[in-house]
Structure formats: structure tokens, C-alpha cells
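Engineer: Got a structure for you, input_36.cif, holding mmCIF, C-alpha atoms.
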data_run
#
loop_
_atom_site.label_atom_id
_atom_site.label_comp_id
_atom_site.auth_asym_id
_atom_site.auth_seq_id
_atom_site.Cartn_x
_atom_site.Cartn_y
_atom_site.Cartn_z
CA MET A 190 15.84 -20.39 -23.75
CA HIS A 191 16.27 -18.14 -20.74
CA ARG A 192 15.18 -17.97 -17.12
CA SER A 193 13.69 -15.16 -15.05
CA ARG A 194 11.93 -14.45 -11.79
CA ILE A 195 10.83 -11.46 -9.74
CA GLY A 196 14.05 -11.37 -7.77
CA VAL A 197 14.26 -8.07 -5.93
CA VAL A 198 11.76 -5.71 -4.32
CA LEU A 199 13.11 -2.16 -4.06
CA ILE A 200 11.83 0.56 -1.76
CA ASP A 201 12.78 3.90 -3.32
CA HIS A 202 12.88 7.14 -1.38
CA PRO A 203 14.15 10.56 -2.37
CA GLU A 204 16.94 12.34 -0.55
CA GLU A 205 14.39 14.09 1.69
CA SER A 206 12.98 10.92 3.25
CA TYR A 207 15.61 8.28 2.55
CA ASP A 208 17.34 8.14 5.91
CA ALA A 209 14.21 8.06 8.02
CA ALA A 210 12.59 5.49 5.75
CA ALA A 211 15.70 3.32 5.60
CA ALA A 212 16.00 3.33 9.39
CA PHE A 213 12.33 2.39 9.62
CA TRP A 214 12.45 -0.51 7.16
CA ALA A 215 15.67 -1.88 8.62
CA ALA A 216 14.13 -1.85 12.11
CA ALA A 217 10.79 -3.17 10.88
CA ARG A 218 12.59 -6.09 9.27
CA GLY A 219 14.95 -6.61 12.20
CA SER A 220 17.78 -6.09 9.71
CA GLU A 221 21.06 -4.26 10.12
CA ARG A 222 21.70 -1.19 7.96
CA ARG A 223 24.31 -2.08 5.33
CA GLY A 224 25.66 1.24 4.16
CA ASP A 225 23.72 4.43 3.53
CA ALA A 226 23.28 4.46 -0.26
CA THR A 227 25.05 7.81 -0.58
CA ASP A 228 27.31 6.71 -3.48
CA PRO A 229 25.67 8.19 -6.59
CA ASP A 230 27.06 5.29 -8.63
CA ASP A 231 25.57 2.71 -6.27
CA PRO A 232 22.59 4.27 -4.43
CA TYR A 233 21.40 0.96 -2.97
CA GLU A 234 21.35 -0.60 0.46
CA SER A 235 20.41 -4.25 0.98
CA LEU A 236 18.27 -5.42 3.86
CA ALA A 237 17.95 -9.07 4.84
CA PRO A 238 16.37 -11.00 1.94
CA MET A 239 12.74 -11.99 2.08
CA ALA A 240 11.41 -15.54 1.84
CA GLY A 241 12.68 -17.48 -1.16
CA GLY A 242 15.81 -15.34 -1.25
CA ILE A 243 13.94 -12.48 -2.88
CA GLY A 244 16.10 -9.44 -2.31
CA LEU A 245 14.85 -6.41 -0.39
CA GLU A 246 16.74 -3.25 -1.24
CA LEU A 247 16.46 0.42 -0.51
CA GLN A 248 17.31 2.97 -3.18
CA ARG A 249 18.16 6.62 -2.56
CA THR A 250 16.53 8.42 -5.47
CA GLY A 251 16.78 12.03 -6.60
CA SER A 252 15.48 14.98 -4.61
CA GLY A 253 11.78 15.49 -5.13
CA THR A 254 11.11 12.08 -6.68
CA PRO A 255 8.16 10.11 -5.31
CA ALA A 256 8.57 7.38 -2.70
CA ARG A 257 7.62 4.10 -4.34
CA VAL A 258 8.18 0.38 -4.53
CA HIS A 259 9.44 -1.18 -7.74
CA LEU A 260 10.19 -4.72 -8.84
CA ASP A 261 13.30 -6.13 -10.52
CA VAL A 262 12.89 -9.09 -12.83
CA GLU A 263 16.22 -10.91 -12.70
CA THR A 264 17.32 -13.14 -15.57
CA ASP A 265 20.22 -15.09 -17.02
CA ASP A 266 19.68 -13.36 -20.39
CA VAL A 267 18.75 -9.70 -20.12
CA ARG A 268 18.34 -9.21 -23.86
CA ALA A 269 15.99 -12.19 -24.21
CA ALA A 270 14.01 -11.26 -21.11
CA ILE A 271 13.50 -7.70 -22.38
CA ALA A 272 12.38 -8.97 -25.79
CA ARG A 273 9.94 -11.34 -24.08
CA VAL A 274 8.24 -8.69 -21.95
CA GLU A 275 8.23 -6.19 -24.84
CA ALA A 276 6.32 -8.77 -26.88
CA LEU A 277 3.82 -8.97 -24.01
CA GLY A 278 3.25 -5.21 -23.95
CA ALA A 279 6.03 -3.62 -21.90
CA THR A 280 8.00 -0.63 -23.17
CA VAL A 281 11.67 0.10 -22.58
CA VAL A 282 12.01 3.47 -20.87
CA ASP A 283 15.74 3.56 -20.24
CA HIS A 284 18.43 1.27 -21.59
CA HIS A 285 21.61 0.79 -19.59
CA ASP A 286 24.60 -1.35 -20.55
CA ARG A 287 23.52 -4.44 -18.66
CA TRP A 288 19.95 -3.71 -17.56
CA ALA A 289 16.90 -1.67 -18.49
CA VAL A 290 13.99 0.23 -16.99
CA LEU A 291 10.66 -0.72 -18.51
CA ALA A 292 7.04 0.35 -18.11
CA ASP A 293 4.10 -2.06 -18.03
CA PRO A 294 1.03 -1.24 -20.18
CA GLY A 295 -0.23 1.09 -17.44
CA GLY A 296 3.07 2.96 -17.10
CA LEU A 297 4.27 1.20 -13.95
CA LEU A 298 8.06 1.05 -13.92
CA PHE A 299 10.04 -2.13 -13.34
CA CYS A 300 13.55 -3.25 -14.23
CA VAL A 301 15.07 -6.23 -15.99
CA VAL A 302 18.46 -6.96 -14.46
CA PRO A 303 21.08 -9.74 -14.45
CA ALA A 304 20.43 -12.57 -11.99
CA GLN A 305 21.85 -11.60 -8.62
CA THR A 306 20.41 -13.99 -6.06
CA GLY A 307 22.54 -17.02 -6.94
CA ASP A 308 21.14 -20.34 -5.77
CA ASP A 309 17.79 -18.75 -4.97
CA PHE A 310 17.49 -17.60 -8.58
CA ALA A 311 18.38 -21.07 -9.85
CA ALA A 312 15.91 -22.69 -7.44
CA SER A 313 12.81 -20.75 -8.45
CA ALA A 314 13.31 -19.00 -11.79
CA THR A 315 10.92 -19.92 -14.59
CA THR A 316 12.41 -21.23 -17.84
CA TRP A 317 11.00 -19.69 -21.04
CA ASP A 318 11.46 -21.34 -24.43
CA MET B 108 4.89 -12.20 21.08
CA HIS B 109 3.78 -12.09 17.47
CA ARG B 110 5.07 -13.01 14.05
CA SER B 111 5.18 -11.09 10.78
CA ARG B 112 6.73 -11.11 7.34
CA ILE B 113 6.42 -9.24 4.06
CA GLY B 114 3.89 -11.68 2.69
CA VAL B 115 2.27 -10.14 -0.37
CA VAL B 116 3.41 -7.83 -3.16
CA LEU B 117 0.50 -6.01 -4.79
CA ILE B 118 0.52 -4.35 -8.19
CA ASP B 119 -2.18 -1.67 -8.17
CA HIS B 120 -3.65 -0.19 -11.32
CA PRO B 121 -6.59 2.14 -11.77
CA GLU B 122 -9.63 1.24 -13.82
CA GLU B 123 -8.07 2.83 -16.90
CA SER B 124 -5.05 0.53 -17.08
CA TYR B 125 -6.05 -2.45 -14.94
CA ASP B 126 -7.02 -4.93 -17.64
CA ALA B 127 -4.03 -4.31 -19.89
CA ALA B 128 -1.66 -4.40 -16.94
CA ALA B 129 -3.23 -7.52 -15.46
CA ALA B 130 -3.00 -9.34 -18.79
CA PHE B 131 0.63 -8.28 -19.04
CA TRP B 132 1.67 -9.41 -15.56
CA ALA B 133 -0.18 -12.70 -15.85
CA ALA B 134 1.55 -13.44 -19.15
CA ALA B 135 4.91 -12.19 -17.91
CA ARG B 136 4.65 -14.56 -14.97
CA GLY B 137 3.28 -17.43 -17.04
CA SER B 138 0.28 -17.36 -14.69
CA GLU B 139 -3.40 -17.86 -15.45
CA ARG B 140 -5.77 -14.96 -14.79
CA ARG B 141 -7.90 -15.77 -11.74
CA GLY B 142 -10.86 -13.46 -12.00
CA ASP B 143 -10.87 -9.84 -13.09
CA ALA B 144 -11.02 -7.92 -9.81
CA THR B 145 -14.26 -6.19 -10.77
CA ASP B 146 -16.01 -6.87 -7.43
CA PRO B 147 -15.76 -3.55 -5.53
CA ASP B 148 -15.73 -5.52 -2.27
CA ASP B 149 -12.85 -7.71 -3.40
CA PRO B 150 -10.88 -5.86 -6.08
CA TYR B 151 -8.01 -8.36 -6.07
CA GLU B 152 -6.72 -11.01 -8.43
CA SER B 153 -4.02 -13.47 -7.40
CA LEU B 154 -1.23 -14.53 -9.71
CA ALA B 155 1.00 -17.51 -9.02
CA PRO B 156 2.95 -16.86 -5.81
CA MET B 157 6.59 -15.80 -5.95
CA ALA B 158 9.48 -17.66 -4.35
CA GLY B 159 8.99 -18.42 -0.66
CA GLY B 160 5.23 -18.39 -1.13
CA ILE B 161 5.16 -14.59 -1.18
CA GLY B 162 1.86 -13.69 -2.74
CA LEU B 163 1.64 -11.66 -5.94
CA GLU B 164 -1.69 -9.91 -6.34
CA LEU B 165 -3.20 -7.36 -8.65
CA GLN B 166 -5.55 -4.71 -7.31
CA ARG B 167 -8.04 -2.71 -9.36
CA THR B 168 -7.94 0.74 -7.78
CA GLY B 169 -10.11 3.78 -8.34
CA SER B 170 -10.25 5.73 -11.56
CA GLY B 171 -7.40 8.22 -11.81
CA THR B 172 -5.31 6.71 -9.01
CA PRO B 173 -1.63 6.14 -9.74
CA ALA B 174 -0.27 2.76 -10.80
CA ARG B 175 1.98 1.53 -8.01
CA VAL B 176 3.37 -1.43 -6.13
CA HIS B 177 2.67 -1.80 -2.42
CA LEU B 178 3.68 -4.32 0.22
CA ASP B 179 1.53 -6.19 2.71
CA VAL B 180 3.06 -7.15 6.04
CA GLU B 181 1.16 -10.25 7.15
CA THR B 182 0.99 -11.18 10.81
CA ASP B 183 -0.69 -13.45 13.34
CA ASP B 184 -1.54 -10.40 15.50
CA VAL B 185 -2.56 -7.34 13.51
CA ARG B 186 -2.93 -5.12 16.56
CA ALA B 187 0.54 -6.00 17.89
CA ALA B 188 2.15 -5.66 14.47
CA ILE B 189 0.62 -2.21 13.96
CA ALA B 190 1.78 -1.10 17.40
CA ARG B 191 5.28 -2.37 16.64
CA VAL B 192 5.67 -0.47 13.34
CA GLU B 193 4.04 2.65 14.79
CA ALA B 194 6.70 2.62 17.51
CA LEU B 195 9.30 2.46 14.73
CA GLY B 196 7.90 5.51 12.95
CA ALA B 197 5.00 4.39 10.78
CA THR B 198 1.63 6.17 10.83
CA VAL B 199 -1.80 4.59 10.47
CA VAL B 200 -3.56 6.17 7.50
CA ASP B 201 -6.71 4.06 7.37
CA HIS B 202 -8.03 1.59 9.94
CA HIS B 203 -10.24 -1.26 8.78
CA ASP B 204 -11.82 -3.93 10.95
CA ARG B 205 -9.10 -6.51 10.48
CA TRP B 206 -6.28 -4.65 8.75
CA ALA B 207 -4.82 -1.19 8.28
CA VAL B 208 -3.11 1.03 5.74
CA LEU B 209 0.01 2.70 7.09
CA ALA B 210 2.62 5.13 5.80
CA ASP B 211 6.34 4.79 6.39
CA PRO B 212 8.27 7.91 7.56
CA GLY B 213 8.52 9.08 3.94
CA GLY B 214 4.82 8.63 3.24
CA LEU B 215 5.07 5.34 1.37
CA LEU B 216 1.92 3.29 1.90
CA PHE B 217 1.92 -0.32 3.03
CA CYS B 218 -0.62 -2.54 4.78
CA VAL B 219 -0.64 -4.74 7.86
CA VAL B 220 -2.96 -7.69 7.26
CA PRO B 221 -3.78 -11.07 8.80
CA ALA B 222 -1.48 -13.92 7.79
CA GLN B 223 -2.75 -15.39 4.56
CA THR B 224 0.01 -17.57 3.14
CA GLY B 225 -0.40 -20.53 5.51
CA ASP B 226 2.63 -22.78 5.78
CA ASP B 227 4.79 -20.26 3.95
CA PHE B 228 4.00 -17.66 6.61
CA ALA B 229 4.84 -20.14 9.37
CA ALA B 230 8.07 -21.14 7.65
CA SER B 231 9.59 -17.70 7.28
CA ALA B 232 7.86 -15.17 9.53
CA THR B 233 9.99 -13.40 12.11
CA THR B 234 9.00 -13.69 15.76
CA TRP B 235 8.99 -10.42 17.74
CA ASP B 236 9.00 -10.35 21.53
#
Let me see whether you can do it: turn the structure in this file into C-alpha cells.
Structural biologist:
Amino acid sequence: MHRSRIGVVLIDHPEESYDAAAAFWAAARGSERRGDATDPDDPYESLAPMAGGIGLELQRTGSGTPARVHLDVETDDVRAAIARVEALGATVVDHHDRWAVLADPGGLLFCVVPAQTGDDFAASATTWD
Amino acid sequence: MHRSRIGVVLIDHPEESYDAAAAFWAAARGSERRGDATDPDDPYESLAPMAGGIGLELQRTGSGTPARVHLDVETDDVRAAIARVEALGATVVDHHDRWAVLADPGGLLFCVVPAQTGDDFAASATTWD
């Protein structure tokens, strides 16, 4: 048994457009900037969460990469959640120690990550047998 | 004065991968399929909403278009919401009668659309003066 939900929406921009896009989304959301995502080991910046405590994060991606939105599925059992979506047709693209990048059957990238939204995760995650 | 929030997350797939991707996301979410998005005038299929009543929709896009995720900003005043994000650096890419496609300062597409999540919109939209 494990739980999961779509827990974080990430707006990814390459070096070339990151700062302008981050300033835009922070202002559009009425959210303060929280860092600048310049640490290569932690290239993320959180904006105020969306409804339901769904996280909204900005990611500074590599030079020349496409601007995009991607989804994080958060879970209390990363291994089980990956096995579940693989059985449904997803493919692991990149395995990290505690999380993974996957592609849906049409090649769209998403991640499976440890639960990170606390009570909001507990309140709305789906339990899978 | 108007209100807005990020109200819908859309997973877009071209004709070539739509059906496999839609089946995957419906199963991954434990959601029933609700149509097949084959009506060119309404190429959308709703899955069960996410936390906070944020909509999760699939869109069947044109052959050869890239798979992607995009965000809809829903609002009770489309004209005012567009003017607000334009002032913050967004650009209108495509104007429809009641909604518009915009690009953020890095070229990432998003839409501004009429509020469509009812009580959930009212409960968590931000009010802008």
C-alpha cells in the first residue's frame, strides 16, 4: 500500500530566460521571490503554493533547454509509485537516489518524488493497494 | 478589481500519442475516462480534479505538435487579467473571443480563461486591485 498525488507543478526555464520568467511568475502570483535558483545542486525556487497545497516551483534548467511545465507525483513510497506507473505504461528516464524522471507513453516527462507537502499530501493523496 | 488563480493544469498530446497518454494519466490518477477529445471544437477530456479543485484536463493537439503541460489562469474578468499579466511582461499570442493564449517572458505558453471551477475558484482565487 502506498499513497501518491500530483503534488508540485514546476515551471522550468533555461539560464537565458530564467530570471525574467521567475520575476514574471512571482509577480503574477503576488508571491515573493525566495532565492534565485542559482545553486546547481538545488536549482529550485518556491512560489506560494496553489490551492490544495499543491506546490508551485521554478527550476533553472541548463542553457538552451526548452521552457516547459512539468509535474511531480509525490508519494510516501517512491519505489512502489514508480513500479505502479511503469505497469501503467510509463518509462523511467533517469534514476536518482531518492526520485526518478519518467516519461509517459507519449514521451512527456514527469517526476516521482518523496512527499514534500506535509499535511496537504496527507489530506488529498490517493491510497493504492 | 478582479480575481484569478491557476485553475487548470492541461496535459497536451498530439494525435499520435493522445490515446495512449490519456489512458495512462486516467489510470495513474485512478480516474475514469470522460470522452476521448476527438471533437475538434472541444478537444478536451477532464480527469478527476486535483487538490483544491484545480482541474486536470487532457487536450488532443494537432498532429506533430509537442507533448507538453500548460497552465490555465482562470479569472472572473478575462480582459483585466490579460491586461494585468501583460503589464508584468507576458505577451498575447492568440486572442479568442472569451480567452487568450499568452507567452511568459521566456516564451512559455499559458492561457487566461473564464473561471470554471465554481466554488473552488471562489475559495482560493486572489483578488487584485
Engineer: Rounded to one decimal place, report the atom CA of Ser220 of chain A-atom CA of Ala155 of chain B distance in Å.
Structural biologist: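 Taking atom CA of Ser220 of chain A as the start and atom CA of Ala155 of chain B as the end point, the length is 27.6 Å.
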Engineer: Find the residues of chain B in contact range of chain A, meaning any atom within 6 Å when counting all atoms listed in the file, and list them as a compact mmCIF listing (two decimals) with C-alpha atoms, in the frame of the given file.
Structural biologist:
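part_5.txt, written as the output of this step:
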# COMPACT_ATOMS: atom_id res chain seq x y z
CA SER B 124 -5.05 0.53 -17.08
CA ALA B 127 -4.03 -4.31 -19.89
CA ALA B 128 -1.66 -4.40 -16.94
CA PHE B 131 0.63 -8.28 -19.04
CA ALA B 158 9.48 -17.66 -4.35
CA GLY B 159 8.99 -18.42 -0.66
CA ALA B 174 -0.27 2.76 -10.80
CA VAL B 176 3.37 -1.43 -6.13
CA LEU B 195 9.30 2.46 14.73
CA PRO B 212 8.27 7.91 7.56
CA GLY B 213 8.52 9.08 3.94
CA LEU B 215 5.07 5.34 1.37
Engineer: Provide the atom CA of Tyr151 of chain B to atom CA of Glu164 of chain B distance in Å, to one decimal place.
Structural biologist: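 That distance, rounded to one decimal, is 6.5 Å.
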Engineer: Can you work out the spacing between atom CA of Asp184 of chain B and atom CA of Val197 of chain A in Å, to one decimal?
Structural biologist: 26.7 Å
Engineer: Write out as JSON, numbers by chain which residues come within 9 Å of Arg141 of chain B when counting only C-alpha atoms, dropping same-chain ones fewer than 5 positions away.
Structural biologist: {"B": [152, 153, 154]}
Engineer: Which one is closest to Asp261 of chain A: A:His285, A:Arg249, A:Asp230, A:Pro303? Count only C-alpha atoms.
Structural biologist: A:Pro303
Engineer: My list of candidates is A:Pro238, A:Glu204, A:Ile271, A:Ala304. Which is closest to Thr250 of chain A when distances are computed with only C-alpha atoms?
Structural biologist: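 Between A:Pro238, A:Glu204, A:Ile271, A:Ala304, the residue approaching Thr250 of chain A most closely is A:Glu204.
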Engineer: What residues come out when you apply the PyMOL selection byres ((chain B and resi 206) around 7) to this file, written as JSON, numbers by chain?
Structural biologist: {"B": [185, 202, 203, 204, 205, 207, 219, 220, 221]}
Engineer: Next, the residues of the selection above should be written as a tab-separated table (two decimals), keeping the file's coordinate frame with C-alpha atoms.
Structural biologist:
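File out_2.tsv, as written:
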chain	number	residue	atom	x	y	z
B	185	VAL	CA	-2.56	-7.34	13.51
B	202	HIS	CA	-8.03	1.59	9.94
B	203	HIS	CA	-10.24	-1.26	8.78
B	204	ASP	CA	-11.82	-3.93	10.95
B	205	ARG	CA	-9.10	-6.51	10.48
B	207	ALA	CA	-4.82	-1.19	8.28
B	219	VAL	CA	-0.64	-4.74	7.86
B	220	VAL	CA	-2.96	-7.69	7.26
B	221	PRO	CA	-3.78	-11.07	8.80
Engineer: Once N, CA and C atoms are restored for segment 110-141 of chain B, what would the output be as a tab-separated table (two decimals), keeping the file's coordinate frame?
Structural biologist:
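Final output, rebuild_31.tsv:
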chain	number	residue	atom	x	y	z
B	110	ARG	N	4.23	-12.74	15.21
B	110	ARG	CA	5.07	-13.01	14.05
B	110	ARG	C	4.62	-12.15	12.87
B	111	SER	N	5.55	-11.80	12.01
B	111	SER	CA	5.18	-11.09	10.78
B	111	SER	C	6.21	-11.36	9.70
B	112	ARG	N	5.79	-11.11	8.48
B	112	ARG	CA	6.73	-11.11	7.34
B	112	ARG	C	6.11	-10.29	6.22
B	113	ILE	N	6.95	-9.83	5.29
B	113	ILE	CA	6.42	-9.24	4.06
B	113	ILE	C	5.85	-10.41	3.27
B	114	GLY	N	4.53	-10.47	3.19
B	114	GLY	CA	3.89	-11.68	2.69
B	114	GLY	C	3.24	-11.56	1.33
B	115	VAL	N	2.94	-10.33	0.92
B	115	VAL	CA	2.27	-10.14	-0.37
B	115	VAL	C	2.82	-8.88	-1.03
B	116	VAL	N	3.07	-8.98	-2.32
B	116	VAL	CA	3.41	-7.83	-3.16
B	116	VAL	C	2.21	-7.57	-4.05
B	117	LEU	N	1.71	-6.35	-4.01
B	117	LEU	CA	0.50	-6.01	-4.79
B	117	LEU	C	0.85	-4.99	-5.87
B	118	ILE	N	0.37	-5.27	-7.06
B	118	ILE	CA	0.52	-4.35	-8.19
B	118	ILE	C	-0.85	-3.71	-8.39
B	119	ASP	N	-0.91	-2.41	-8.15
B	119	ASP	CA	-2.18	-1.67	-8.17
B	119	ASP	C	-2.29	-0.86	-9.46
B	120	HIS	N	-3.40	-1.00	-10.12
B	120	HIS	CA	-3.65	-0.19	-11.32
B	120	HIS	C	-5.07	0.35	-11.27
B	121	PRO	N	-5.24	1.58	-11.72
B	121	PRO	CA	-6.59	2.14	-11.77
B	121	PRO	C	-7.40	1.49	-12.89
B	122	GLU	N	-8.68	1.71	-12.81
B	122	GLU	CA	-9.63	1.24	-13.82
B	122	GLU	C	-9.09	1.39	-15.25
B	123	GLU	N	-8.48	2.53	-15.53
B	123	GLU	CA	-8.07	2.83	-16.90
B	123	GLU	C	-7.02	1.87	-17.44
B	124	SER	N	-6.15	1.37	-16.57
B	124	SER	CA	-5.05	0.53	-17.08
B	124	SER	C	-5.09	-0.88	-16.49
B	125	TYR	N	-6.09	-1.16	-15.65
B	125	TYR	CA	-6.05	-2.45	-14.94
B	125	TYR	C	-6.01	-3.66	-15.88
B	126	ASP	N	-6.92	-3.70	-16.85
B	126	ASP	CA	-7.02	-4.93	-17.64
B	126	ASP	C	-5.77	-5.18	-18.48
B	127	ALA	N	-5.25	-4.13	-19.08
B	127	ALA	CA	-4.03	-4.31	-19.89
B	127	ALA	C	-2.86	-4.71	-19.00
B	128	ALA	N	-2.78	-4.09	-17.84
B	128	ALA	CA	-1.66	-4.40	-16.94
B	128	ALA	C	-1.80	-5.81	-16.36
B	129	ALA	N	-3.02	-6.18	-16.02
B	129	ALA	CA	-3.23	-7.52	-15.46
B	129	ALA	C	-2.90	-8.59	-16.49
B	130	ALA	N	-3.33	-8.37	-17.73
B	130	ALA	CA	-3.00	-9.34	-18.79
B	130	ALA	C	-1.49	-9.43	-18.96
B	131	PHE	N	-0.82	-8.28	-18.90
B	131	PHE	CA	0.63	-8.28	-19.04
B	131	PHE	C	1.31	-9.07	-17.92
B	132	TRP	N	0.96	-8.77	-16.67
B	132	TRP	CA	1.67	-9.41	-15.56
B	132	TRP	C	1.37	-10.90	-15.48
B	133	ALA	N	0.13	-11.27	-15.82
B	133	ALA	CA	-0.18	-12.70	-15.85
B	133	ALA	C	0.67	-13.41	-16.90
B	134	ALA	N	0.75	-12.82	-18.09
B	134	ALA	CA	1.55	-13.44	-19.15
B	134	ALA	C	3.04	-13.42	-18.80
B	135	ALA	N	3.49	-12.30	-18.25
B	135	ALA	CA	4.91	-12.19	-17.91
B	135	ALA	C	5.31	-13.25	-16.89
B	136	ARG	N	4.38	-13.57	-16.00
B	136	ARG	CA	4.65	-14.56	-14.97
B	136	ARG	C	4.33	-15.98	-15.43
B	137	GLY	N	3.73	-16.11	-16.61
B	137	GLY	CA	3.28	-17.43	-17.04
B	137	GLY	C	2.16	-17.94	-16.16
B	138	SER	N	1.34	-17.02	-15.65
B	138	SER	CA	0.28	-17.36	-14.69
B	138	SER	C	-1.08	-17.18	-15.35
B	139	GLU	N	-2.02	-18.03	-15.00
B	139	GLU	CA	-3.40	-17.86	-15.45
B	139	GLU	C	-4.01	-16.64	-14.76
B	140	ARG	N	-4.92	-15.94	-15.47
B	140	ARG	CA	-5.77	-14.96	-14.79
B	140	ARG	C	-6.72	-15.71	-13.85
B	141	ARG	N	-6.97	-15.15	-12.68
B	141	ARG	CA	-7.90	-15.77	-11.74
B	141	ARG	C	-8.93	-14.74	-11.34
